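Student: You'll find my_file-v2.cif just under this line, and it carries mmCIF, C-alpha atoms.
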```cif
data_my_file
loop_
_atom_site.label_atom_id
_atom_site.label_comp_id
_atom_site.auth_asym_id
_atom_site.auth_seq_id
_atom_site.Cartn_x
_atom_site.Cartn_y
_atom_site.Cartn_z
CA MET A 1 -29.58 45.48 1.94
CA ALA A 2 -29.48 42.64 -0.55
CA GLY A 3 -32.44 42.36 -2.85
CA ILE A 4 -34.92 39.54 -2.43
CA ARG A 5 -34.09 38.02 -5.79
CA GLU A 6 -30.38 38.06 -4.97
CA LEU A 7 -30.98 36.31 -1.68
CA ARG A 8 -32.97 33.60 -3.36
CA GLY A 9 -30.08 32.96 -5.75
CA ARG A 10 -27.59 32.72 -2.94
CA ILE A 11 -29.72 30.26 -0.98
CA LYS A 12 -29.90 28.09 -4.03
CA SER A 13 -26.16 28.13 -4.73
CA VAL A 14 -25.28 27.42 -1.11
CA GLY A 15 -27.70 24.49 -1.29
CA ASN A 16 -25.94 23.18 -4.39
CA ILE A 17 -22.57 23.42 -2.72
CA LYS A 18 -23.95 21.57 0.26
CA GLN A 19 -25.17 18.76 -1.97
CA ILE A 20 -21.77 18.43 -3.59
CA THR A 21 -19.80 18.45 -0.35
CA ARG A 22 -22.16 15.89 1.12
CA ALA A 23 -21.65 13.62 -1.89
CA MET A 24 -17.89 14.03 -1.55
CA GLU A 25 -18.13 13.20 2.13
CA MET A 26 -19.94 9.97 1.33
CA VAL A 27 -17.43 9.01 -1.36
CA ALA A 28 -14.60 9.66 1.09
CA THR A 29 -16.32 7.49 3.69
CA THR A 30 -16.58 4.46 1.40
CA LYS A 31 -13.03 4.87 0.13
CA LEU A 32 -11.78 5.27 3.65
CA ARG A 33 -13.39 1.98 4.58
CA ARG A 34 -11.90 0.27 1.54
CA PHE A 35 -8.37 1.37 2.41
CA GLN A 36 -8.85 0.41 6.02
CA ASP A 37 -9.85 -3.08 4.92
CA ARG A 38 -6.80 -3.33 2.73
CA ALA A 39 -4.56 -2.23 5.56
CA THR A 40 -6.06 -4.95 7.75
CA ALA A 41 -5.75 -7.55 4.98
CA SER A 42 -2.07 -6.84 4.44
CA ARG A 43 -1.15 -7.06 8.12
CA PRO A 44 -0.66 -10.86 8.39
CA TYR A 45 1.73 -10.81 5.44
CA ALA A 46 3.73 -7.91 6.82
CA GLU A 47 3.87 -9.46 10.28
CA GLU A 48 5.04 -12.78 8.93
CA ILE A 49 7.75 -11.17 6.80
CA THR A 50 8.92 -9.01 9.69
CA GLY A 51 8.94 -12.03 11.99
CA LEU A 52 11.06 -14.00 9.53
CA MET A 53 13.42 -11.05 9.18
CA GLY A 54 13.96 -10.93 12.92
CA HIS A 55 14.42 -14.65 13.00
CA LEU A 56 16.99 -14.76 10.21
CA ALA A 57 18.80 -11.72 11.56
CA ALA A 58 19.16 -13.56 14.85
CA VAL A 59 20.55 -16.61 13.06
CA LEU A 60 23.03 -14.58 11.04
CA GLY A 61 24.08 -12.42 13.96
CA ALA A 62 26.81 -9.89 13.24
CA GLU A 63 26.99 -11.01 9.62
CA VAL A 64 23.83 -8.96 9.02
CA GLU A 65 25.62 -5.66 9.49
CA ARG A 66 27.90 -6.43 6.58
CA ARG A 67 25.07 -6.77 4.03
CA PRO A 68 24.94 -3.86 1.57
CA LEU A 69 21.45 -2.66 2.49
CA PHE A 70 22.43 -2.56 6.14
CA ARG A 71 25.49 -0.33 5.81
CA GLU A 72 25.34 3.42 5.54
CA GLY A 73 25.44 4.42 1.91
CA GLU A 74 28.46 5.94 0.20
CA GLY A 75 26.73 9.02 -1.12
CA GLU A 76 26.47 12.36 0.59
CA ALA A 77 22.85 13.19 0.07
CA THR A 78 19.85 12.04 2.01
CA ALA A 79 16.99 10.81 -0.15
CA VAL A 80 13.46 11.49 0.99
CA LEU A 81 10.26 10.02 -0.37
CA VAL A 82 7.39 12.38 0.35
CA VAL A 83 3.89 10.92 0.20
CA GLY A 84 1.12 13.43 -0.43
CA SER A 85 -2.27 13.26 -2.06
CA ASP A 86 -3.17 13.49 -5.72
CA ARG A 87 -6.13 15.74 -5.14
CA GLY A 88 -6.93 18.63 -2.86
CA LEU A 89 -9.97 19.32 -0.67
CA CYS A 90 -8.64 17.16 2.11
CA GLY A 91 -8.13 19.72 4.85
CA ALA A 92 -4.68 20.19 6.29
CA TYR A 93 -3.52 16.73 5.19
CA ASN A 94 -0.84 17.89 2.77
CA SER A 95 0.24 21.00 4.63
CA ASN A 96 0.87 18.95 7.76
CA VAL A 97 3.22 16.75 5.76
CA PHE A 98 5.01 19.77 4.31
CA ARG A 99 5.34 21.39 7.71
CA ALA A 100 6.97 18.23 9.08
CA LEU A 101 9.29 18.28 6.09
CA GLU A 102 10.37 21.89 6.68
CA GLU A 103 10.91 21.27 10.37
CA TRP A 104 13.22 18.39 9.57
CA ARG A 105 15.10 20.38 6.94
CA GLU A 106 15.94 23.12 9.40
CA GLY A 107 18.11 20.73 11.37
CA GLU A 108 19.62 19.09 8.29
CA ASP A 109 22.76 20.54 6.72
CA GLY A 110 23.60 17.99 4.02
CA PRO A 111 22.13 17.89 0.53
CA VAL A 112 18.69 16.34 0.17
CA LYS A 113 17.18 14.73 -2.91
CA PHE A 114 13.52 14.04 -3.21
CA TYR A 115 11.18 11.41 -4.49
CA ALA A 116 7.50 12.22 -4.60
CA TYR A 117 4.34 10.16 -4.59
CA GLY A 118 1.11 12.11 -4.97
CA ARG A 119 0.70 15.13 -7.22
CA LYS A 120 0.40 17.63 -4.38
CA ALA A 121 3.72 16.52 -2.94
CA PHE A 122 5.38 16.86 -6.32
CA GLN A 123 3.92 20.31 -6.90
CA TYR A 124 5.04 21.52 -3.51
CA LEU A 125 8.60 20.27 -3.96
CA ASN A 126 8.77 21.84 -7.39
CA LYS A 127 7.47 25.16 -6.18
CA ARG A 128 10.13 25.19 -3.50
CA ARG A 129 12.72 24.33 -6.16
CA TYR A 130 13.83 21.21 -4.33
CA GLU A 131 15.58 18.61 -6.40
CA VAL A 132 13.10 15.90 -7.30
CA VAL A 133 14.82 12.80 -8.65
CA HIS A 134 11.64 10.97 -9.50
CA TYR A 135 7.93 11.55 -9.31
CA PHE A 136 5.94 8.34 -9.11
CA ALA A 137 2.96 9.14 -11.31
CA GLU A 138 2.01 5.63 -12.36
CA PRO A 139 -0.05 4.04 -11.02
CA PRO A 140 -1.94 6.91 -9.39
CA LEU A 141 -1.55 6.62 -5.65
CA GLU A 142 -5.18 5.66 -5.23
CA GLN A 143 -4.76 2.57 -7.39
CA ILE A 144 -1.63 1.38 -5.66
CA ASP A 145 -1.34 -2.36 -5.20
CA TYR A 146 1.38 -4.48 -3.72
CA ARG A 147 3.23 -4.70 -7.01
CA GLY A 148 3.24 -0.94 -7.39
CA ALA A 149 4.63 -0.56 -3.90
CA ALA A 150 7.25 -3.21 -4.69
CA ARG A 151 8.37 -1.15 -7.67
CA VAL A 152 8.79 1.93 -5.49
CA ALA A 153 10.79 -0.07 -2.94
CA LYS A 154 13.00 -1.47 -5.71
CA TYR A 155 13.53 1.97 -7.16
CA LEU A 156 14.61 3.39 -3.83
CA SER A 157 16.90 0.51 -2.91
CA ASP A 158 18.52 0.53 -6.37
CA GLY A 159 19.26 4.23 -5.90
CA PHE A 160 20.72 3.48 -2.51
CA LEU A 161 22.84 0.58 -3.76
CA SER A 162 24.27 2.60 -6.63
CA GLY A 163 25.90 4.78 -4.00
CA ASP A 164 23.95 7.97 -4.56
CA PHE A 165 22.71 8.37 -1.02
CA ARG A 166 23.83 8.15 2.55
CA GLU A 167 20.37 7.18 3.71
CA VAL A 168 16.80 6.97 2.46
CA ARG A 169 13.88 8.20 4.52
CA VAL A 170 10.14 8.16 3.91
CA LEU A 171 7.73 10.84 5.06
CA TYR A 172 4.10 9.74 5.14
CA THR A 173 1.03 10.28 7.28
CA ALA A 174 0.38 7.60 9.87
CA PHE A 175 -3.23 6.81 10.60
CA GLU A 176 -3.65 6.72 14.37
CA SER A 177 -7.41 7.04 14.61
CA MET A 178 -10.36 8.42 12.69
CA VAL A 179 -9.49 11.91 13.85
CA LYS A 180 -5.73 11.70 14.29
CA TYR A 181 -3.24 11.47 11.45
CA VAL A 182 0.37 12.22 12.17
CA PRO A 183 3.12 12.96 9.64
CA THR A 184 5.71 10.28 10.37
CA TRP A 185 9.26 9.50 9.28
CA ILE A 186 10.55 6.04 8.45
CA ASP A 187 14.26 5.31 8.35
CA PHE A 188 13.94 3.18 5.27
CA LEU A 189 17.57 2.51 4.35
CA PRO A 190 20.01 1.40 5.58
CA VAL A 191 17.99 -1.24 7.41
CA LYS A 192 18.68 -1.16 11.11
CA GLY A 193 19.69 -4.72 11.96
CA ASP A 194 19.58 -4.28 15.71
CA LYS A 195 15.94 -3.27 15.62
CA LEU A 196 14.94 -6.48 13.87
CA THR A 197 16.17 -9.04 16.33
CA GLY A 198 14.26 -7.46 19.16
CA ASP A 199 10.89 -9.04 18.45
CA ASP A 200 12.00 -12.60 17.81
CA GLU A 201 10.84 -15.08 20.42
CA ALA A 202 13.78 -16.30 22.43
CA GLY A 203 14.93 -19.87 21.98
CA SER A 204 13.37 -20.43 18.56
CA THR A 205 16.62 -19.82 16.73
CA GLY A 206 18.80 -22.83 17.38
CA ASP A 207 17.37 -25.87 15.68
CA VAL A 208 15.56 -24.59 12.63
CA ILE A 209 16.25 -26.05 9.23
CA LEU A 210 17.04 -23.34 6.70
CA GLU A 211 16.63 -24.19 3.03
CA PRO A 212 18.76 -23.56 1.04
CA ASP A 213 20.90 -21.54 3.50
CA PRO A 214 20.43 -18.53 5.80
CA GLU A 215 22.22 -16.06 3.50
CA THR A 216 20.12 -16.90 0.45
CA ILE A 217 16.88 -16.73 2.38
CA PHE A 218 17.90 -13.49 4.01
CA ASP A 219 18.82 -11.82 0.73
CA GLU A 220 15.44 -12.86 -0.67
CA LEU A 221 13.70 -11.66 2.42
CA VAL A 222 15.11 -8.15 2.68
CA PRO A 223 13.46 -6.82 -0.51
CA ARG A 224 10.13 -8.33 0.59
CA TYR A 225 10.53 -6.62 3.95
CA LEU A 226 11.21 -3.27 2.31
CA GLU A 227 8.21 -3.73 0.01
CA THR A 228 5.86 -4.33 2.90
CA ARG A 229 7.13 -1.21 4.64
CA ILE A 230 6.44 0.93 1.58
CA TYR A 231 3.09 -0.73 0.95
CA ASN A 232 2.03 -0.15 4.53
CA ALA A 233 3.13 3.47 4.46
CA LEU A 234 1.26 4.14 1.21
CA ILE A 235 -1.94 2.45 2.33
CA GLU A 236 -1.83 4.21 5.65
CA ALA A 237 -1.23 7.55 3.95
CA LEU A 238 -4.27 6.91 1.75
CA THR A 239 -6.37 6.02 4.77
CA SER A 240 -5.32 9.25 6.48
CA GLU A 241 -6.01 11.22 3.33
CA TYR A 242 -9.56 9.97 3.07
CA ALA A 243 -10.23 10.33 6.78
CA SER A 244 -9.01 13.90 6.54
CA ARG A 245 -11.05 14.53 3.42
CA ARG A 246 -14.15 13.13 5.04
CA VAL A 247 -13.81 15.41 8.06
CA SER A 248 -13.20 18.50 5.99
CA MET A 249 -16.13 17.72 3.68
CA LYS A 250 -18.35 17.17 6.69
CA ASN A 251 -17.30 20.54 8.07
CA ALA A 252 -18.02 22.15 4.72
CA THR A 253 -21.46 20.53 4.61
CA ASP A 254 -22.24 21.72 8.12
CA ALA A 255 -21.03 25.23 7.35
CA ALA A 256 -23.16 25.31 4.21
CA GLY A 257 -26.15 24.23 6.29
CA ASP A 258 -25.58 27.04 8.79
CA MET A 259 -25.22 29.57 6.03
CA GLN A 260 -28.33 28.32 4.35
CA SER A 261 -30.47 28.75 7.45
CA MET A 262 -29.03 32.20 8.08
CA LEU A 263 -29.81 33.27 4.54
CA LYS A 264 -33.28 31.79 4.81
CA GLY A 265 -33.92 33.88 7.91
CA GLN A 266 -32.86 37.00 6.09
CA TYR A 267 -34.92 36.08 3.09
CA ASN A 268 -38.09 35.49 5.12
CA ARG A 269 -37.71 38.73 7.01
CA LEU A 270 -37.27 40.63 3.79
CA ARG A 271 -40.24 38.96 2.18
CA GLN A 272 -42.41 39.76 5.19
CA GLU A 273 -41.34 43.39 5.10
CA THR A 274 -42.14 43.67 1.42
CA ILE A 275 -45.59 42.19 1.91
CA THR A 276 -46.30 44.50 4.82
CA LYS A 277 -45.20 47.48 2.79
CA GLU A 278 -47.39 46.51 -0.14
CA LEU A 279 -50.38 45.96 2.15
CA LEU A 280 -49.91 49.37 3.69
CA ASP A 281 -49.79 50.88 0.21
CA ILE A 282 -53.07 49.20 -0.78
CA VAL A 283 -54.81 50.13 2.44
CA GLY A 284 -53.52 53.68 2.13
CA GLY A 285 -54.70 53.89 -1.48
CA ALA A 286 -58.16 52.56 -0.64
CA GLU A 287 -58.40 54.99 2.24
CA ALA A 288 -57.61 57.89 -0.06
CA LEU A 289 -60.34 56.96 -2.55
CA ARG A 290 -63.06 56.98 0.01
CA MET E 1 -1.57 -40.52 10.34
CA ALA E 2 -0.42 -38.92 13.53
CA GLY E 3 -1.16 -35.31 14.28
CA GLU E 4 -2.30 -32.66 11.90
CA LEU E 5 -0.88 -29.73 10.04
CA THR E 6 -2.43 -26.32 9.57
CA LEU E 7 -1.68 -24.84 6.18
CA ARG E 8 -1.89 -21.09 5.86
CA VAL E 9 -1.14 -19.29 2.63
CA ILE E 10 -0.71 -15.56 3.13
CA THR E 11 -0.46 -12.94 0.40
CA PRO E 12 -0.29 -9.14 0.74
CA ASP E 13 -3.98 -8.87 -0.12
CA THR E 14 -5.55 -11.74 1.72
CA ILE E 15 -5.21 -15.13 3.38
CA VAL E 16 -5.83 -17.58 0.55
CA VAL E 17 -5.88 -20.85 2.46
CA ASP E 18 -6.32 -21.53 6.15
CA GLU E 19 -7.19 -25.17 6.77
CA THR E 20 -5.81 -28.41 8.10
CA ALA E 21 -4.00 -30.69 5.70
CA GLU E 22 -2.72 -34.23 5.84
CA SER E 23 0.23 -33.57 3.59
CA VAL E 24 1.61 -30.66 1.58
CA ARG E 25 4.01 -30.46 -1.32
CA ILE E 26 5.71 -27.10 -1.80
CA PRO E 27 7.83 -25.76 -4.66
CA ALA E 28 10.97 -24.92 -2.67
CA ALA E 29 13.87 -23.14 -4.33
CA ASP E 30 15.89 -26.37 -4.29
CA GLY E 31 13.13 -28.49 -5.71
CA SER E 32 9.82 -29.90 -4.65
CA MET E 33 9.53 -30.67 -0.95
CA GLY E 34 6.99 -32.76 0.92
CA ILE E 35 5.80 -31.73 4.34
CA LEU E 36 3.91 -33.97 6.72
CA PRO E 37 2.55 -33.29 10.18
CA ARG E 38 5.21 -33.04 12.92
CA HIS E 39 7.79 -31.69 10.54
CA ALA E 40 10.82 -30.09 12.20
CA PRO E 41 10.88 -26.28 12.38
CA MET E 42 12.02 -24.93 9.06
CA VAL E 43 12.26 -21.86 6.88
CA ALA E 44 12.56 -22.37 3.13
CA ALA E 45 12.68 -20.06 0.15
CA LEU E 46 10.04 -20.76 -2.49
CA ASP E 47 10.20 -20.85 -6.24
CA THR E 48 7.40 -20.00 -8.62
CA GLY E 49 5.40 -23.17 -8.93
CA VAL E 50 2.54 -25.36 -7.87
CA LEU E 51 1.66 -26.15 -4.29
CA THR E 52 -0.44 -29.25 -3.72
CA TYR E 53 -1.99 -30.42 -0.50
CA LYS E 54 -4.26 -33.15 0.67
CA SER E 55 -7.12 -32.23 2.91
CA GLY E 56 -10.13 -34.36 3.76
CA GLY E 57 -8.97 -37.01 1.31
CA GLN E 58 -8.99 -34.53 -1.55
CA GLU E 59 -6.11 -33.16 -3.52
CA HIS E 60 -5.96 -29.37 -3.94
CA ALA E 61 -3.61 -27.32 -6.07
CA LEU E 62 -2.48 -23.73 -5.79
CA PHE E 63 -0.27 -21.47 -7.87
CA VAL E 64 2.33 -19.64 -5.77
CA SER E 65 4.92 -17.12 -6.88
CA GLY E 66 8.05 -16.77 -4.78
CA GLY E 67 8.15 -16.11 -1.09
CA PHE E 68 8.84 -18.34 1.88
CA ALA E 69 7.56 -21.33 3.76
CA GLU E 70 7.86 -21.58 7.48
CA VAL E 71 7.10 -24.54 9.70
CA ARG E 72 6.58 -23.60 13.30
CA GLY E 73 4.77 -25.82 15.73
CA LYS E 74 1.85 -27.41 13.92
CA THR E 75 1.55 -24.69 11.33
CA LEU E 76 2.99 -24.41 7.87
CA ARG E 77 2.87 -20.81 6.78
CA LEU E 78 3.51 -19.70 3.23
CA VAL E 79 4.09 -16.04 2.57
CA THR E 80 3.97 -15.44 -1.14
CA GLN E 81 3.22 -12.56 -3.46
CA ALA E 82 0.67 -14.47 -5.45
CA GLY E 83 -1.42 -17.39 -4.32
CA GLU E 84 -4.22 -18.54 -6.57
CA LYS E 85 -6.41 -21.57 -6.13
CA ALA E 86 -6.32 -23.81 -9.17
CA THR E 87 -10.09 -23.65 -9.45
CA GLU E 88 -9.94 -19.86 -9.69
CA ILE E 89 -7.33 -19.67 -12.42
CA ASP E 90 -8.57 -18.59 -15.82
CA GLU E 91 -6.92 -21.09 -18.12
CA GLU E 92 -7.53 -19.09 -21.26
CA ARG E 93 -5.92 -16.03 -19.76
CA ALA E 94 -2.96 -18.06 -18.60
CA ARG E 95 -2.55 -19.52 -22.10
CA ALA E 96 -2.68 -16.04 -23.60
CA ALA E 97 -0.04 -14.93 -21.10
CA GLU E 98 2.07 -17.90 -22.08
CA GLU E 99 1.83 -16.91 -25.72
CA ARG E 100 2.82 -13.33 -24.95
CA ALA E 101 5.74 -14.46 -22.83
CA ARG E 102 6.98 -16.77 -25.58
CA GLN E 103 6.95 -13.88 -28.02
CA ARG E 104 8.88 -11.74 -25.59
CA VAL E 105 11.48 -14.45 -25.14
CA GLU E 106 11.84 -14.64 -28.94
CA GLU E 107 12.18 -10.88 -29.21
CA ALA E 108 14.79 -10.78 -26.47
CA ARG E 109 16.70 -13.56 -28.17
CA ALA E 110 16.60 -11.70 -31.48
CA THR E 111 17.96 -8.45 -30.02
CA GLY E 112 20.96 -10.24 -28.59
CA ARG E 113 23.11 -9.79 -25.56
CA ARG E 114 22.15 -6.28 -24.54
CA SER E 115 18.67 -7.34 -23.55
CA GLU E 116 19.71 -9.81 -20.89
CA ILE E 117 17.35 -8.29 -18.33
CA ASP E 118 14.48 -8.38 -20.80
CA MET E 119 15.28 -12.01 -21.40
CA LEU E 120 15.22 -12.85 -17.71
CA ARG E 121 11.97 -10.98 -17.24
CA ALA E 122 10.38 -12.71 -20.20
CA GLN E 123 11.51 -16.09 -19.00
CA ALA E 124 10.15 -15.41 -15.52
CA ALA E 125 6.82 -14.37 -17.04
CA LEU E 126 6.76 -17.51 -19.15
CA ARG E 127 7.45 -19.63 -16.12
CA ARG E 128 4.64 -18.01 -14.19
CA ALA E 129 2.23 -18.65 -17.04
CA LEU E 130 3.29 -22.28 -17.38
CA MET E 131 2.98 -22.90 -13.66
CA ARG E 132 -0.49 -21.35 -13.61
CA ILE E 133 -1.54 -23.69 -16.38
CA ARG E 134 -0.01 -26.64 -14.57
CA ALA E 135 -1.83 -25.73 -11.35
CA ARG E 136 -5.05 -25.51 -13.30
CA THR E 137 -4.80 -28.64 -15.39
CA GLY E 138 -2.67 -30.80 -13.15
CA ARG E 139 -0.07 -31.12 -15.85
#
```
Represent the structure contained in this file as structure tokens.
Tutor:
Amino acid sequence: MAGIRELRGRIKSVGNIKQITRAMEMVATTKLRRFQDRATASRPYAEEITGLMGHLAAVLGAEVERRPLFREGEGEATAVLVVGSDRGLCGAYNSNVFRALEEWREGEDGPVKFYAYGRKAFQYLNKRRYEVVHYFAEPPLEQIDYRGAARVAKYLSDGFLSGDFREVRVLYTAFESMVKYVPTWIDFLPVKGDKLTGDDEAGSTGDVILEPDPETIFDELVPRYLETRIYNALIEALTSEYASRRVSMKNATDAAGDMQSMLKGQYNRLRQETITKELLDIVGGAEALR
Amino acid sequence: MAGELTLRVITPDTIVVDETAESVRIPAADGSMGILPRHAPMVAALDTGVLTYKSGGQEHALFVSGGFAEVRGKTLRLVTQAGEKATEIDEERARAAEERARQRVEEARATGRRSEIDMLRAQAALRRALMRIRARTGR
């Protein structure tokens, strides 16, 4: 049986851990809220850009399919951007992403080249000896802003345009609800033209003035569209990360609480026993002196 | 003045302006363009420049950087990467940015032809700085 002094030490250290995990839980909660707000704030912009894309695609019709970013690339390899977290202690967040990645790879014969955002994603890919073309380390994922996302989008589409890849896909974690985050694939490039025209309101195409001309607007629009897709994916991944971290820190705090009360029970029992034993000794001693 | 026009300026981070305006002047790619209520449906590419609009008898100015303008129904929507109200622009910072950009243009010019991209970037930065100052000071 553990000594009384030892038990006291353990109660204390479990209490310390509990304090830390609770603090981490609270930090995760505020950050989660911040990223949720940013996701909401960026939605009107993304919707407007997507709407314009659909609109212009409808105006241009079949011409769209001939644009470089809409045709399958000349390369052989598939490029994949994997979005993970920079830090651990976020439950199964990263391993879910990696599992989705491995599942996809099993059905994929061609060569695959990787891009990574988030240190954990990079480390995983490296450990597996996958070919990582670029690791986006700056800015850290947590400080991503629209411009940072735009740079990533540019980087990926430049790679695609230079003929290195057949297609570019993005693997990130979609935030479905506070307790549900699903690793999700985006077919990033080539852009699927037929999917765009679907959500344009019928009849609004005919008599719209386009300045300077549809092609110019469209070619300006496509990069913006790609940027918003990356930005959305990154923000959503961050939201999922913090939701996941919050849950796992809450579980850790609860577990520490349970352990603490169990240890306290043991400690009290032991203390009681010791006191009883000592009392018996004293009484016995006094008895003997009589 | 018949009818009214809702002006909405949308950036990735926020909606900068959402109010009714009597007239709007936008920096379109082909040059400045005036938009009044009951304008025909339109989509236009934007340049980096100054957007001005009249609302409640007052003139307002805004710095916008690229993007698009769309007229649909009674709404003029601007989607742009940067939209800053003139009153919120830090003139000193803009002037410092202008200075930096000028230096970069000089450097790019000195290094010659190989730095064409640097040159373009520097010029774009200079333009942004100048337009910010113009939005702020009205000239």
Student: Pull out every residue that the PyMOL selection byres ((chain A) within 6 of (chain E)) matches in the shown coordinates and put them as a PDB file with C-alpha atoms, in the coordinates of the input.
Tutor:
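And here's part.pdb as it stands now:
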```pdb
ATOM      1  CA  ALA A  41      -5.750  -7.550   4.980  1.00  0.00           C
ATOM      2  CA  SER A  42      -2.070  -6.840   4.440  1.00  0.00           C
ATOM      3  CA  TYR A  45       1.730 -10.810   5.440  1.00  0.00           C
ATOM      4  CA  VAL A 208      15.560 -24.590  12.630  1.00  0.00           C
ATOM      5  CA  ILE A 209      16.250 -26.050   9.230  1.00  0.00           C
ATOM      6  CA  LEU A 210      17.040 -23.340   6.700  1.00  0.00           C
ATOM      7  CA  GLU A 211      16.630 -24.190   3.030  1.00  0.00           C
ATOM      8  CA  ILE A 217      16.880 -16.730   2.380  1.00  0.00           C
TER       9      ILE A 217
END
```
Student: For the PyMOL selection byres ((chain A and resi 240-252) around 10), applied here, can you spell out every residue it catches as an MDAnalysis selection string?
Tutor: chainID A and resid 17:18 20:33 35:36 84:94 172:183 234:239 253:258
Student: Using all atoms listed in the file, which protein or nucleic acid residues come within 10 Å of Arg127 (chain E)? Drop anything in the same chain fewer than 3 positions from it, and give the result as a PyMOL selection string.
Tutor: chain E and resi 48-49+65+98+101-102+121-124+130-133
Student: Just the number, please: distance in Å from CA of Lys74 (chain E) to CA of Ile49 (chain A), one decimal.
Tutor: 18.7 Å
Student: Using all atoms of region 254-265 of chain A listed in the file and a margin of 3 Å per side, can you give the axis-aligned box centre and edge lengths in Å to one decimal, as JSON?
Tutor:
```
{"center_x": -27.5, "center_y": 27.8, "center_z": 6.5, "size_x": 18.9, "size_y": 18.2, "size_z": 10.6}
```
Student: N, CA and C atoms are what I want for region 30-43 of chain E; can you complete it accordingly and write them as a short mmCIF file (atom, residue, chain, number, x, y, z; two decimals), in the frame of the given file?
Tutor:
```
data_model
loop_
_atom_site.label_atom_id
_atom_site.label_comp_id
_atom_site.auth_asym_id
_atom_site.auth_seq_id
_atom_site.Cartn_x
_atom_site.Cartn_y
_atom_site.Cartn_z
N ASP E 30 15.00 -25.26 -3.94
CA ASP E 30 15.89 -26.37 -4.29
C ASP E 30 15.17 -27.54 -4.91
N GLY E 31 13.89 -27.38 -5.15
CA GLY E 31 13.13 -28.49 -5.71
C GLY E 31 11.94 -28.78 -4.82
N SER E 32 11.05 -29.61 -5.34
CA SER E 32 9.82 -29.90 -4.65
C SER E 32 10.10 -30.56 -3.29
N MET E 33 9.27 -30.20 -2.30
CA MET E 33 9.53 -30.67 -0.95
C MET E 33 8.22 -31.09 -0.31
N GLY E 34 8.21 -32.29 0.29
CA GLY E 34 6.99 -32.76 0.92
C GLY E 34 7.01 -32.44 2.40
N ILE E 35 5.87 -32.04 2.92
CA ILE E 35 5.80 -31.73 4.34
C ILE E 35 4.63 -32.45 4.98
N LEU E 36 4.94 -33.21 6.00
CA LEU E 36 3.91 -33.97 6.72
C LEU E 36 3.77 -33.38 8.11
N PRO E 37 2.70 -33.76 8.81
CA PRO E 37 2.55 -33.29 10.18
C PRO E 37 3.78 -33.64 11.01
N ARG E 38 4.08 -32.86 12.01
CA ARG E 38 5.21 -33.04 12.92
C ARG E 38 6.54 -32.86 12.23
N HIS E 39 6.54 -32.05 11.21
CA HIS E 39 7.79 -31.69 10.54
C HIS E 39 8.62 -30.82 11.49
N ALA E 40 9.94 -30.92 11.36
CA ALA E 40 10.82 -30.09 12.20
C ALA E 40 10.68 -28.62 11.80
N PRO E 41 10.94 -27.71 12.71
CA PRO E 41 10.88 -26.28 12.38
C PRO E 41 11.78 -25.97 11.19
N MET E 42 11.26 -25.17 10.28
CA MET E 42 12.02 -24.93 9.06
C MET E 42 11.63 -23.60 8.43
N VAL E 43 12.57 -22.99 7.75
CA VAL E 43 12.26 -21.86 6.88
C VAL E 43 12.85 -22.17 5.52
#
```
